[in-house]
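J.: You'll find structure13.csv just under this line, and it carries CSV, C-alpha atoms.
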```csv
chain,number,residue,atom,x,y,z
D,1,MET,CA,-35.0,9.6,9.3
D,2,SER,CA,-35.4,6.2,10.9
D,3,PRO,CA,-32.9,3.7,9.4
D,4,THR,CA,-34.4,0.6,11.0
D,5,ASP,CA,-33.9,-2.9,9.8
D,6,PRO,CA,-37.4,-4.4,9.8
D,7,GLN,CA,-36.2,-7.9,9.7
D,8,THR,CA,-34.0,-7.9,12.8
D,9,ASP,CA,-34.9,-4.9,14.9
D,10,THR,CA,-37.6,-3.6,17.0
D,11,PRO,CA,-38.2,0.0,15.8
D,12,LEU,CA,-37.8,2.9,18.1
D,13,THR,CA,-41.0,4.6,19.1
D,14,PRO,CA,-41.7,7.9,17.4
D,15,ALA,CA,-40.8,9.7,20.6
D,16,GLN,CA,-37.5,7.9,20.9
D,17,GLU,CA,-36.8,8.6,17.3
D,18,ALA,CA,-37.5,12.3,17.8
D,19,LEU,CA,-35.4,12.5,20.9
D,20,LEU,CA,-32.5,10.6,19.4
D,21,ASP,CA,-32.6,12.8,16.3
D,22,ALA,CA,-32.7,15.9,18.5
D,23,ARG,CA,-29.7,14.7,20.5
D,24,LEU,CA,-27.7,13.8,17.4
D,25,ASP,CA,-28.7,17.2,16.0
D,26,ALA,CA,-27.3,18.8,19.1
D,27,LEU,CA,-24.1,16.9,18.7
D,28,ARG,CA,-23.9,17.9,15.0
D,29,HIS,CA,-24.2,21.5,15.9
D,30,ALA,CA,-21.8,21.3,18.7
D,31,THR,CA,-19.1,19.7,16.6
D,32,GLU,CA,-19.7,21.5,13.2
D,33,ASN,CA,-16.9,24.0,13.8
D,34,LEU,CA,-14.4,21.6,15.3
D,35,ALA,CA,-11.3,21.3,13.2
D,36,ALA,CA,-7.7,20.1,13.5
D,37,PRO,CA,-5.4,22.4,15.5
D,38,PRO,CA,-4.0,25.3,13.4
D,39,ARG,CA,-0.4,24.2,14.1
D,40,LEU,CA,-1.1,21.1,12.1
D,41,GLU,CA,-1.5,23.0,8.8
D,42,ALA,CA,1.8,24.8,9.4
D,43,THR,CA,3.5,21.5,10.1
D,44,LEU,CA,2.1,19.9,7.0
D,45,MET,CA,2.9,22.8,4.8
D,46,ALA,CA,6.5,22.7,6.0
D,47,SER,CA,6.6,18.9,5.3
D,48,PHE,CA,5.2,19.6,1.8
D,49,LYS,CA,8.0,22.1,1.1
D,50,THR,CA,10.7,19.8,2.4
D,51,HIS,CA,9.3,16.8,0.5
D,52,HIS,CA,9.0,18.7,-2.8
D,53,ALA,CA,12.4,20.4,-2.4
D,54,LYS,CA,13.9,16.9,-2.2
D,55,LYS,CA,11.9,15.8,-5.1
D,56,ARG,CA,12.9,18.8,-7.2
D,57,ARG,CA,16.6,18.1,-6.4
D,58,HIS,CA,16.2,14.5,-7.4
D,59,GLU,CA,14.4,15.5,-10.7
D,60,PHE,CA,17.1,18.1,-11.4
D,61,PHE,CA,19.8,15.5,-10.9
D,62,THR,CA,17.9,13.0,-13.1
D,63,GLN,CA,17.3,15.6,-15.8
D,64,TRP,CA,20.8,17.2,-16.0
D,65,PHE,CA,23.4,14.9,-14.5
D,66,ALA,CA,22.2,11.4,-15.1
D,67,PRO,CA,22.5,11.6,-18.9
D,68,GLY,CA,26.0,13.0,-18.4
D,69,PHE,CA,26.9,10.1,-16.1
D,70,ALA,CA,25.4,7.6,-18.6
D,71,LEU,CA,27.4,9.1,-21.5
D,72,ALA,CA,30.6,9.1,-19.5
D,73,ALA,CA,30.0,5.5,-18.5
D,74,SER,CA,29.3,4.5,-22.1
D,75,VAL,CA,32.5,6.3,-23.3
D,76,GLY,CA,34.6,4.6,-20.6
D,77,MET,CA,33.2,1.2,-21.4
D,78,SER,CA,33.8,1.6,-25.1
D,79,ALA,CA,37.4,2.8,-24.5
D,80,TRP,CA,38.1,-0.1,-22.2
D,81,MET,CA,36.7,-2.5,-24.8
D,82,VAL,CA,38.9,-1.0,-27.5
D,83,LEU,CA,42.1,-0.5,-25.6
D,84,ALA,CA,42.2,-3.5,-23.2
D,85,PRO,CA,44.4,-6.3,-24.5
D,86,MET,CA,42.2,-8.9,-26.1
D,87,ALA,CA,42.8,-12.3,-24.5
D,88,ARG,CA,43.9,-14.7,-27.3
D,89,PRO,CA,41.5,-17.6,-27.4
D,90,ALA,CA,43.2,-20.8,-26.4
D,91,LEU,CA,43.3,-23.4,-29.0
D,92,ASP,CA,41.9,-25.9,-26.7
D,93,MET,CA,38.8,-23.8,-26.3
D,94,THR,CA,38.1,-23.6,-30.1
D,95,PRO,CA,34.6,-25.1,-30.4
D,96,ASP,CA,34.7,-26.1,-34.0
D,97,ALA,CA,37.0,-29.1,-34.6
D,98,MET,CA,36.8,-29.1,-38.4
D,99,SER,CA,37.7,-25.4,-38.8
D,100,LEU,CA,40.6,-26.0,-36.4
D,101,LEU,CA,41.9,-28.9,-38.6
D,102,ALA,CA,41.4,-26.9,-41.8
D,103,SER,CA,43.3,-23.9,-40.6
D,104,ALA,CA,46.4,-25.8,-39.5
D,105,ASP,CA,49.6,-25.3,-41.6
D,106,THR,CA,50.7,-28.9,-41.2
D,107,PRO,CA,47.9,-31.4,-42.0
D,108,PHE,CA,46.4,-33.5,-39.3
D,109,ILE,CA,46.0,-37.2,-39.5
D,110,ALA,CA,42.5,-38.2,-38.7
D,111,LEU,CA,42.4,-40.9,-36.0
D,112,GLN,CA,38.6,-41.1,-36.0
D,113,SER,CA,36.0,-40.7,-38.7
D,114,LEU,CA,35.5,-37.1,-40.0
D,115,GLU,CA,31.9,-37.3,-39.0
D,116,GLN,CA,32.8,-38.2,-35.4
D,117,ILE,CA,35.4,-35.4,-35.3
D,118,ALA,CA,32.9,-32.9,-36.7
D,119,LEU,CA,30.3,-33.9,-34.1
D,120,GLU,CA,32.7,-33.5,-31.2
D,121,PRO,CA,31.2,-30.6,-29.1
D,122,GLN,CA,34.3,-29.6,-27.1
D,123,PRO,CA,37.6,-30.7,-28.8
D,124,ARG,CA,40.9,-29.7,-27.3
D,125,LEU,CA,44.2,-29.3,-29.0
D,126,ILE,CA,47.1,-30.5,-26.8
D,127,GLU,CA,50.8,-30.7,-27.4
D,128,THR,CA,52.4,-34.0,-26.5
D,129,ALA,CA,55.3,-36.3,-27.2
D,130,VAL,CA,54.6,-39.7,-28.7
D,131,PRO,CA,57.0,-42.7,-29.2
D,132,ARG,CA,57.9,-43.1,-32.9
D,133,MET,CA,56.8,-46.7,-32.6
D,134,TRP,CA,53.3,-45.3,-32.2
D,135,LEU,CA,53.4,-44.5,-36.0
D,136,ALA,CA,53.7,-48.1,-36.9
D,137,SER,CA,50.2,-48.7,-35.5
D,138,TYR,CA,48.9,-46.3,-38.2
D,139,GLY,CA,50.9,-48.0,-41.0
D,140,VAL,CA,53.8,-45.7,-41.1
D,141,PRO,CA,57.1,-47.5,-41.5
D,142,VAL,CA,59.5,-47.0,-38.6
D,143,SER,CA,63.2,-47.8,-38.6
D,144,PRO,CA,64.1,-50.0,-35.6
D,145,ASP,CA,67.1,-47.7,-34.9
D,146,VAL,CA,64.9,-44.8,-34.0
D,147,ALA,CA,61.9,-46.7,-32.7
D,148,GLY,CA,62.6,-45.6,-29.1
D,149,ASP,CA,62.7,-41.9,-29.9
D,150,SER,CA,59.9,-39.5,-29.1
D,151,LEU,CA,58.2,-37.2,-31.6
D,152,ARG,CA,56.6,-33.8,-30.8
D,153,ALA,CA,53.0,-33.8,-31.9
D,154,GLU,CA,49.7,-31.9,-31.5
D,155,MET,CA,46.7,-34.0,-30.8
D,156,LEU,CA,43.1,-33.1,-31.1
D,157,VAL,CA,41.3,-34.9,-28.4
D,158,SER,CA,37.6,-35.0,-27.4
D,159,ALA,CA,36.2,-33.7,-24.1
D,160,ASN,CA,36.6,-37.2,-22.6
D,161,GLY,CA,40.2,-37.4,-23.8
D,162,GLN,CA,39.8,-39.7,-26.8
D,163,PRO,CA,42.3,-38.8,-29.6
D,164,LEU,CA,40.5,-37.5,-32.7
D,165,ALA,CA,43.4,-36.3,-34.9
D,166,MET,CA,47.1,-35.6,-34.7
D,167,ARG,CA,50.0,-34.0,-36.5
D,168,PHE,CA,53.7,-34.1,-36.0
D,169,LEU,CA,55.5,-30.9,-35.3
D,170,PRO,CA,58.9,-30.1,-36.8
X,1,MET,CA,-23.6,12.9,-0.6
X,2,PRO,CA,-20.0,14.1,-0.7
X,3,LEU,CA,-19.3,17.3,1.1
X,4,THR,CA,-16.7,18.3,-1.5
X,5,ASP,CA,-16.8,18.2,-5.3
X,6,PRO,CA,-15.0,15.0,-6.4
X,7,THR,CA,-13.8,16.6,-9.6
X,8,GLU,CA,-12.2,19.5,-7.9
X,9,ASP,CA,-10.6,17.1,-5.4
X,10,LEU,CA,-9.1,15.1,-8.3
X,11,ALA,CA,-7.8,18.3,-9.9
X,12,LEU,CA,-6.3,19.4,-6.6
X,13,LEU,CA,-4.7,16.0,-6.0
X,14,THR,CA,-3.1,16.1,-9.5
X,15,GLU,CA,-1.8,19.6,-8.9
X,16,MET,CA,-0.5,18.7,-5.4
X,17,ARG,CA,1.5,15.8,-6.9
X,18,ARG,CA,3.0,18.3,-9.3
X,19,GLY,CA,4.3,20.2,-6.3
X,20,ASN,CA,1.7,22.9,-6.1
X,21,ALA,CA,1.6,23.9,-2.5
X,22,ALA,CA,-1.6,25.9,-2.9
X,23,ALA,CA,-3.3,22.7,-4.1
X,24,PHE,CA,-2.1,20.8,-1.1
X,25,GLU,CA,-3.3,23.6,1.2
X,26,ALA,CA,-6.7,23.6,-0.5
X,27,LEU,CA,-7.1,19.9,-0.2
X,28,TYR,CA,-6.1,20.0,3.5
X,29,ARG,CA,-8.6,22.8,4.2
X,30,ARG,CA,-11.4,20.9,2.4
X,31,HIS,CA,-10.9,17.7,4.2
X,32,GLN,CA,-9.2,18.2,7.6
X,33,ALA,CA,-12.3,19.2,9.6
X,34,PRO,CA,-14.6,16.3,8.7
X,35,LEU,CA,-11.7,13.9,9.1
X,36,TYR,CA,-10.8,15.4,12.5
X,37,ARG,CA,-14.4,15.3,13.7
X,38,PHE,CA,-14.8,11.7,12.5
X,39,ALA,CA,-11.6,10.7,14.3
X,40,LEU,CA,-12.5,12.6,17.4
X,41,LEU,CA,-16.0,11.1,17.7
X,42,ARG,CA,-14.6,7.7,16.9
X,43,CYS,CA,-11.7,7.6,19.4
X,44,GLY,CA,-12.7,10.4,21.9
X,45,SER,CA,-9.2,11.9,22.0
X,46,PRO,CA,-8.4,15.3,20.4
X,47,GLU,CA,-4.6,14.4,20.3
X,48,THR,CA,-5.2,11.1,18.6
X,49,ALA,CA,-7.6,12.8,16.1
X,50,ALA,CA,-5.0,15.4,15.3
X,51,ASP,CA,-2.4,12.6,14.8
X,52,VAL,CA,-4.7,10.7,12.5
X,53,VAL,CA,-5.3,13.8,10.4
X,54,GLN,CA,-1.6,14.5,10.2
X,55,GLU,CA,-0.8,10.9,9.3
X,56,ILE,CA,-3.4,11.0,6.5
X,57,PHE,CA,-2.0,14.1,4.9
X,58,LEU,CA,1.6,13.0,5.3
X,59,ALA,CA,0.7,9.8,3.5
X,60,LEU,CA,-1.1,11.8,0.8
X,61,LEU,CA,2.0,13.9,0.4
X,62,ALA,CA,4.4,11.0,0.2
X,63,ASN,CA,2.0,9.4,-2.3
X,64,THR,CA,1.8,6.2,-0.3
X,65,LEU,CA,-2.0,6.0,-0.3
X,66,LYS,CA,-3.3,4.2,-3.3
X,67,PHE,CA,-6.4,6.2,-4.2
X,68,ASP,CA,-8.3,4.9,-7.2
X,69,PRO,CA,-10.8,7.5,-8.5
X,70,THR,CA,-12.7,4.8,-10.4
X,71,ARG,CA,-13.6,3.1,-7.1
X,72,GLY,CA,-15.0,6.1,-5.2
X,73,VAL,CA,-14.5,9.7,-4.2
X,74,LEU,CA,-11.5,11.0,-2.3
X,75,GLN,CA,-13.5,12.0,0.7
X,76,GLY,CA,-14.8,8.5,1.2
X,77,PHE,CA,-11.4,7.1,0.7
X,78,LEU,CA,-9.9,9.4,3.3
X,79,PHE,CA,-12.6,8.5,5.8
X,80,GLY,CA,-11.6,4.9,5.2
X,81,VAL,CA,-8.0,5.7,5.8
X,82,ALA,CA,-8.9,7.5,9.0
X,83,ARG,CA,-11.0,4.6,10.2
X,84,ASN,CA,-8.1,2.2,9.6
X,85,LEU,CA,-5.7,4.4,11.4
X,86,VAL,CA,-8.0,4.6,14.4
X,87,LEU,CA,-8.5,0.9,14.4
X,88,LYS,CA,-4.7,0.4,14.3
X,89,ARG,CA,-4.3,2.6,17.3
X,90,GLU,CA,-7.1,0.8,19.1
X,91,GLU,CA,-5.5,-2.6,18.4
X,92,ALA,CA,-2.4,-1.3,20.1
X,93,GLN,CA,-4.3,0.0,23.1
X,94,TYR,CA,-6.9,-2.5,23.7
X,95,ARG,CA,-6.7,-6.2,24.3
X,96,PHE,CA,-8.3,-8.4,21.7
X,97,VAL,CA,-10.7,-11.0,23.0
X,98,SER,CA,-13.0,-13.4,21.3
X,99,THR,CA,-16.6,-12.4,22.2
X,100,SER,CA,-20.0,-13.3,21.0
X,101,ARG,CA,-22.1,-10.6,22.5
X,102,ALA,CA,-25.8,-10.8,21.8
X,103,ASP,CA,-25.8,-7.3,20.1
X,104,ASP,CA,-22.7,-7.9,18.0
X,105,ASP,CA,-23.6,-10.6,15.6
X,106,ASP,CA,-21.9,-9.0,12.5
X,107,SER,CA,-18.6,-10.6,11.9
X,108,GLU,CA,-15.7,-8.2,11.7
X,109,PRO,CA,-12.3,-8.2,13.4
X,110,ASP,CA,-12.9,-5.1,15.4
X,111,GLU,CA,-15.9,-6.6,17.2
X,112,GLY,CA,-13.8,-8.1,19.8
X,113,LEU,CA,-12.2,-4.9,20.9
X,114,VAL,CA,-13.1,-4.2,24.4
X,115,ASP,CA,-11.7,-1.7,26.8
X,116,PRO,CA,-9.9,-3.5,29.6
X,117,ALA,CA,-10.1,-0.6,32.0
X,118,PRO,CA,-12.5,2.1,30.9
X,119,GLN,CA,-11.2,5.5,31.6
X,120,PRO,CA,-13.4,8.3,33.0
X,121,PRO,CA,-14.8,10.1,30.0
X,122,GLN,CA,-13.0,13.3,29.1
X,123,ARG,CA,-15.3,16.3,28.5
X,124,LEU,CA,-14.7,17.6,25.0
X,125,LEU,CA,-17.9,19.6,24.3
X,126,ALA,CA,-19.2,22.6,26.2
X,127,GLN,CA,-22.8,21.9,25.4
X,128,GLN,CA,-24.1,19.4,27.9
X,129,GLN,CA,-26.6,17.5,25.6
X,130,ALA,CA,-24.1,17.1,22.9
X,131,GLU,CA,-21.4,15.9,25.3
X,132,THR,CA,-23.9,13.4,26.7
X,133,VAL,CA,-24.5,12.0,23.2
X,134,ARG,CA,-20.8,12.0,22.4
X,135,GLN,CA,-20.1,10.0,25.5
X,136,ALA,CA,-22.9,7.6,24.7
X,137,LEU,CA,-21.4,7.2,21.2
X,138,GLN,CA,-18.1,6.2,22.9
X,139,GLN,CA,-19.9,3.3,24.6
X,140,LEU,CA,-21.1,1.8,21.3
X,141,ALA,CA,-19.2,-1.1,19.9
X,142,PRO,CA,-16.6,0.3,17.4
X,143,HIS,CA,-18.4,-1.2,14.3
X,144,TYR,CA,-21.7,0.5,15.3
X,145,ARG,CA,-19.9,3.7,16.1
X,146,ASP,CA,-18.3,4.0,12.7
X,147,VAL,CA,-21.6,3.6,10.9
X,148,VAL,CA,-23.6,5.9,13.2
X,149,ILE,CA,-21.0,8.7,13.0
X,150,LEU,CA,-20.6,8.5,9.2
X,151,TYR,CA,-24.4,8.5,8.7
X,152,GLU,CA,-25.5,10.9,11.3
X,153,MET,CA,-22.6,13.3,11.5
X,154,HIS,CA,-21.3,13.3,8.0
X,155,ASP,CA,-24.4,12.5,5.9
X,156,LEU,CA,-22.7,9.7,4.0
X,157,SER,CA,-25.0,7.4,2.1
X,158,TYR,CA,-25.3,3.7,2.8
X,159,VAL,CA,-23.2,3.0,-0.3
X,160,GLU,CA,-20.5,5.4,0.8
X,161,ILE,CA,-20.5,3.9,4.3
X,162,ALA,CA,-20.2,0.4,2.8
X,163,GLN,CA,-17.1,1.5,0.9
X,164,VAL,CA,-15.5,3.3,3.8
X,165,CYS,CA,-16.1,0.3,6.2
X,166,ASN,CA,-15.6,-2.3,3.6
X,167,ILE,CA,-18.9,-4.0,4.3
X,168,ASP,CA,-22.1,-4.7,2.3
X,169,LEU,CA,-25.2,-2.6,2.2
X,170,GLY,CA,-27.3,-4.9,4.4
X,171,THR,CA,-24.6,-4.8,7.1
X,172,VAL,CA,-24.6,-1.0,7.0
X,173,ARG,CA,-28.4,-1.0,7.4
X,174,SER,CA,-28.4,-3.4,10.3
X,175,ARG,CA,-25.5,-1.8,12.0
X,176,LEU,CA,-27.0,1.6,11.7
X,177,SER,CA,-30.3,0.4,13.0
X,178,ARG,CA,-28.8,-1.4,15.9
X,179,GLY,CA,-26.3,1.4,16.6
X,180,ARG,CA,-29.1,3.9,16.8
X,181,ALA,CA,-31.2,1.6,19.0
X,182,LYS,CA,-28.3,1.1,21.3
X,183,LEU,CA,-27.6,4.8,21.4
X,184,ALA,CA,-31.2,5.4,22.3
X,185,GLU,CA,-31.0,2.8,25.1
X,186,LEU,CA,-27.8,4.5,26.5
X,187,LEU,CA,-29.6,7.8,26.4
X,188,GLN,CA,-32.7,6.4,28.0
X,189,LYS,CA,-32.2,8.4,31.2
X,190,ASP,CA,-32.4,11.6,29.3
X,191,PHE,CA,-35.3,10.3,27.3
X,192,ALA,CA,-37.2,9.6,30.5
X,193,GLU,CA,-36.7,13.1,31.6
X,194,GLU,CA,-37.8,14.7,28.3
X,195,ALA,CA,-40.1,12.1,26.8
X,196,PRO,CA,-43.3,13.5,28.1
X,197,THR,CA,-42.5,16.9,26.7
X,198,ALA,CA,-41.4,15.4,23.4
X,199,ALA,CA,-44.5,13.2,23.2
X,200,ILE,CA,-46.7,16.3,23.7
X,201,SER,CA,-44.8,18.3,21.1
X,202,HIS,CA,-45.1,15.4,18.6
X,203,SER,CA,-48.7,14.6,19.2
X,204,SER,CA,-49.9,18.2,19.1
X,205,PRO,CA,-47.5,20.9,18.3
X,206,LEU,CA,-50.3,23.5,18.7
X,207,GLU,CA,-51.1,22.4,22.2
X,208,ALA,CA,-47.4,22.4,23.1
X,209,ARG,CA,-47.1,25.9,21.8
X,210,LEU,CA,-50.1,27.0,23.8
```
The structure in this file should be written as structure tokens.

T.:
Amino acid sequence: MSPTDPQTDTPLTPAQEALLDARLDALRHATENLAAPPRLEATLMASFKTHHAKKRRHEFFTQWFAPGFALAASVGMSAWMVLAPMARPALDMTPDAMSLLASADTPFIALQSLEQIALEPQPRLIETAVPRMWLASYGVPVSPDVAGDSLRAEMLVSANGQPLAMRFLP
Amino acid sequence: MPLTDPTEDLALLTEMRRGNAAAFEALYRRHQAPLYRFALLRCGSPETAADVVQEIFLALLANTLKFDPTRGVLQGFLFGVARNLVLKREEAQYRFVSTSRADDDDSEPDEGLVDPAPQPPQRLLAQQQAETVRQALQQLAPHYRDVVILYEMHDLSYVEIAQVCNIDLGTVRSRLSRGRAKLAELLQKDFAEEAPTAAISHSSPLEARL
């Protein structure tokens, strides 16, 4: 047994090889019965028991209690969804302007083209008061006697505040 | 050549992970002694060697070691873990200096580890010759010591040593050769005393017997 690298090393002489092997053999024999202290096995076995007892508790919980908790959470969530008062969607949050106009009892007067109204991504419906004179600009005849009065109206406006449609409220 | 059957090791490891205490005990009994001996010869301290063995099995127990059976046998893997643990402890104890010693031309981080204040050697073995060799081993550079111990004391092949030390086969070969040569040099005094007898016994066993 002479693991010598011929490229880089000067080999040991046969005598040196023999003596080195003999010495290493002596070391091998002297250490062959050495082992870790016996207390170590006891310590590790105790650690094993503790570790697996914890693991078993965790598995027991996972197997038997976790599904129960999951079921209870699902029931609770479903009950909350059913029983909690539903927030009524604000009109000004209605995304579809055309369906909003179609569902109204009193018809709206379009102030912009229907295409433009339909394309409006975030229309808002706001209640306001407008001077009766304002009707005149849309071709509605207004008596001069009541020209200074205000009218209650709902106005559909675009996200940037541009009036899209309006209707008068009784 | 592995000292334990790799298939049995794997079966025991699987059983151990399922919580079988007997499997853990069997694994421990199969591997503790070689690991202890390796750590003891590597670091020269029975206490540290015991700590290393304990740490290895606690990690095995907690499943924090990532053993991949497709990349080698459990025994080699555990030797690798033991070596890393010893290196970590050495890094904490020793100062790390950049050296370029003539006999340390293989590049690896542990090459620069030198003992700042060598302690008087602690006698560990009753048998004088063996103790002399053990102390000589302690004087080898750590990367030579690893290879010499694994090859000479644990009968690991070059391939297995390469896996344990994470080096290539050529490096294993050269480190083993240089490690042995250095060991022979350190033991030169003993050689000088016994060489004539050995030479006689090798040249003519019959004459020596007569």

J.: Take atom CA of Ala92 of chain X and atom CA of Phe79 of chain X and report the distance between them in Å, one decimal.

T.: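 Going from atom CA of Ala92 of chain X over to atom CA of Phe79 of chain X covers 20.1 Å.
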
J.: Please list as a ChimeraX atom specification every residue within 12 Å of Ala42 of chain D, counting all atoms listed in the file and excluding residues in the same chain fewer than 3 positions away.

T.: /D:36-39,45-49 /X:21,24-25,28-29,54

J.: With chain D as the partner and 8 Å as the cut-off, tabulate the residues of chain X that qualify, each row holding the nearest pair of atoms and their distance in Å to one decimal, using only C-alpha atoms, sorted by chain and rising number, as JSON lines.

T.:
```
{"residue": "X:Gly19", "atom": "CA", "partner": "D:His52", "partner_atom": "CA", "distance": 6.0}
{"residue": "X:Ala21", "atom": "CA", "partner": "D:Phe48", "partner_atom": "CA", "distance": 7.1}
{"residue": "X:Phe24", "atom": "CA", "partner": "D:Phe48", "partner_atom": "CA", "distance": 7.9}
{"residue": "X:Glu25", "atom": "CA", "partner": "D:Met45", "partner_atom": "CA", "distance": 7.2}
{"residue": "X:Tyr28", "atom": "CA", "partner": "D:Glu41", "partner_atom": "CA", "distance": 7.6}
{"residue": "X:Gln32", "atom": "CA", "partner": "D:Ala36", "partner_atom": "CA", "distance": 6.4}
{"residue": "X:Ala33", "atom": "CA", "partner": "D:Ala35", "partner_atom": "CA", "distance": 4.3}
{"residue": "X:Pro34", "atom": "CA", "partner": "D:Ala35", "partner_atom": "CA", "distance": 7.5}
{"residue": "X:Tyr36", "atom": "CA", "partner": "D:Ala36", "partner_atom": "CA", "distance": 5.7}
{"residue": "X:Arg37", "atom": "CA", "partner": "D:Leu34", "partner_atom": "CA", "distance": 6.5}
{"residue": "X:Ala49", "atom": "CA", "partner": "D:Ala36", "partner_atom": "CA", "distance": 7.7}
{"residue": "X:Ala50", "atom": "CA", "partner": "D:Ala36", "partner_atom": "CA", "distance": 5.7}
{"residue": "X:Val53", "atom": "CA", "partner": "D:Ala36", "partner_atom": "CA", "distance": 7.4}
{"residue": "X:Gln54", "atom": "CA", "partner": "D:Leu40", "partner_atom": "CA", "distance": 6.9}
{"residue": "X:Phe57", "atom": "CA", "partner": "D:Leu44", "partner_atom": "CA", "distance": 7.4}
{"residue": "X:Leu58", "atom": "CA", "partner": "D:Leu44", "partner_atom": "CA", "distance": 7.1}
{"residue": "X:Leu61", "atom": "CA", "partner": "D:Phe48", "partner_atom": "CA", "distance": 6.7}
{"residue": "X:Ala62", "atom": "CA", "partner": "D:His51", "partner_atom": "CA", "distance": 7.6}
{"residue": "X:Leu125", "atom": "CA", "partner": "D:Ala30", "partner_atom": "CA", "distance": 7.0}
{"residue": "X:Gln127", "atom": "CA", "partner": "D:Ala30", "partner_atom": "CA", "distance": 6.8}
{"residue": "X:Gln129", "atom": "CA", "partner": "D:Arg23", "partner_atom": "CA", "distance": 6.6}
{"residue": "X:Ala130", "atom": "CA", "partner": "D:Leu27", "partner_atom": "CA", "distance": 4.2}
{"residue": "X:Glu131", "atom": "CA", "partner": "D:Leu27", "partner_atom": "CA", "distance": 7.2}
{"residue": "X:Val133", "atom": "CA", "partner": "D:Arg23", "partner_atom": "CA", "distance": 6.5}
{"residue": "X:Arg134", "atom": "CA", "partner": "D:Leu27", "partner_atom": "CA", "distance": 7.0}
{"residue": "X:Glu152", "atom": "CA", "partner": "D:Leu24", "partner_atom": "CA", "distance": 7.1}
{"residue": "X:Met153", "atom": "CA", "partner": "D:Arg28", "partner_atom": "CA", "distance": 5.9}
{"residue": "X:Arg173", "atom": "CA", "partner": "D:Asp5", "partner_atom": "CA", "distance": 6.3}
{"residue": "X:Ser174", "atom": "CA", "partner": "D:Asp5", "partner_atom": "CA", "distance": 5.5}
{"residue": "X:Leu176", "atom": "CA", "partner": "D:Pro3", "partner_atom": "CA", "distance": 6.7}
{"residue": "X:Ser177", "atom": "CA", "partner": "D:Thr4", "partner_atom": "CA", "distance": 4.6}
{"residue": "X:Arg178", "atom": "CA", "partner": "D:Asp9", "partner_atom": "CA", "distance": 7.1}
{"residue": "X:Arg180", "atom": "CA", "partner": "D:Leu20", "partner_atom": "CA", "distance": 8.0}
{"residue": "X:Ala181", "atom": "CA", "partner": "D:Leu12", "partner_atom": "CA", "distance": 6.8}
{"residue": "X:Leu183", "atom": "CA", "partner": "D:Leu20", "partner_atom": "CA", "distance": 7.9}
{"residue": "X:Ala184", "atom": "CA", "partner": "D:Leu20", "partner_atom": "CA", "distance": 6.1}
{"residue": "X:Phe191", "atom": "CA", "partner": "D:Leu19", "partner_atom": "CA", "distance": 6.8}
{"residue": "X:Ala195", "atom": "CA", "partner": "D:Ala15", "partner_atom": "CA", "distance": 6.7}
{"residue": "X:Ala198", "atom": "CA", "partner": "D:Ala15", "partner_atom": "CA", "distance": 6.4}
{"residue": "X:Ala199", "atom": "CA", "partner": "D:Ala15", "partner_atom": "CA", "distance": 5.7}
{"residue": "X:His202", "atom": "CA", "partner": "D:Ala15", "partner_atom": "CA", "distance": 7.4}
```

J.: Only C-alpha atoms, please: the residues just picked out, written as an mmCIF file, in the frame of the given file.

T.:
```cif
data_model
loop_
_atom_site.group_PDB
_atom_site.id
_atom_site.type_symbol
_atom_site.label_atom_id
_atom_site.label_comp_id
_atom_site.auth_asym_id
_atom_site.auth_seq_id
_atom_site.Cartn_x
_atom_site.Cartn_y
_atom_site.Cartn_z
ATOM 1 C CA GLY X 19 4.300 20.200 -6.300
ATOM 2 C CA ALA X 21 1.600 23.900 -2.500
ATOM 3 C CA PHE X 24 -2.100 20.800 -1.100
ATOM 4 C CA GLU X 25 -3.300 23.600 1.200
ATOM 5 C CA TYR X 28 -6.100 20.000 3.500
ATOM 6 C CA GLN X 32 -9.200 18.200 7.600
ATOM 7 C CA ALA X 33 -12.300 19.200 9.600
ATOM 8 C CA PRO X 34 -14.600 16.300 8.700
ATOM 9 C CA TYR X 36 -10.800 15.400 12.500
ATOM 10 C CA ARG X 37 -14.400 15.300 13.700
ATOM 11 C CA ALA X 49 -7.600 12.800 16.100
ATOM 12 C CA ALA X 50 -5.000 15.400 15.300
ATOM 13 C CA VAL X 53 -5.300 13.800 10.400
ATOM 14 C CA GLN X 54 -1.600 14.500 10.200
ATOM 15 C CA PHE X 57 -2.000 14.100 4.900
ATOM 16 C CA LEU X 58 1.600 13.000 5.300
ATOM 17 C CA LEU X 61 2.000 13.900 0.400
ATOM 18 C CA ALA X 62 4.400 11.000 0.200
ATOM 19 C CA LEU X 125 -17.900 19.600 24.300
ATOM 20 C CA GLN X 127 -22.800 21.900 25.400
ATOM 21 C CA GLN X 129 -26.600 17.500 25.600
ATOM 22 C CA ALA X 130 -24.100 17.100 22.900
ATOM 23 C CA GLU X 131 -21.400 15.900 25.300
ATOM 24 C CA VAL X 133 -24.500 12.000 23.200
ATOM 25 C CA ARG X 134 -20.800 12.000 22.400
ATOM 26 C CA GLU X 152 -25.500 10.900 11.300
ATOM 27 C CA MET X 153 -22.600 13.300 11.500
ATOM 28 C CA ARG X 173 -28.400 -1.000 7.400
ATOM 29 C CA SER X 174 -28.400 -3.400 10.300
ATOM 30 C CA LEU X 176 -27.000 1.600 11.700
ATOM 31 C CA SER X 177 -30.300 0.400 13.000
ATOM 32 C CA ARG X 178 -28.800 -1.400 15.900
ATOM 33 C CA ARG X 180 -29.100 3.900 16.800
ATOM 34 C CA ALA X 181 -31.200 1.600 19.000
ATOM 35 C CA LEU X 183 -27.600 4.800 21.400
ATOM 36 C CA ALA X 184 -31.200 5.400 22.300
ATOM 37 C CA PHE X 191 -35.300 10.300 27.300
ATOM 38 C CA ALA X 195 -40.100 12.100 26.800
ATOM 39 C CA ALA X 198 -41.400 15.400 23.400
ATOM 40 C CA ALA X 199 -44.500 13.200 23.200
ATOM 41 C CA HIS X 202 -45.100 15.400 18.600
#
```
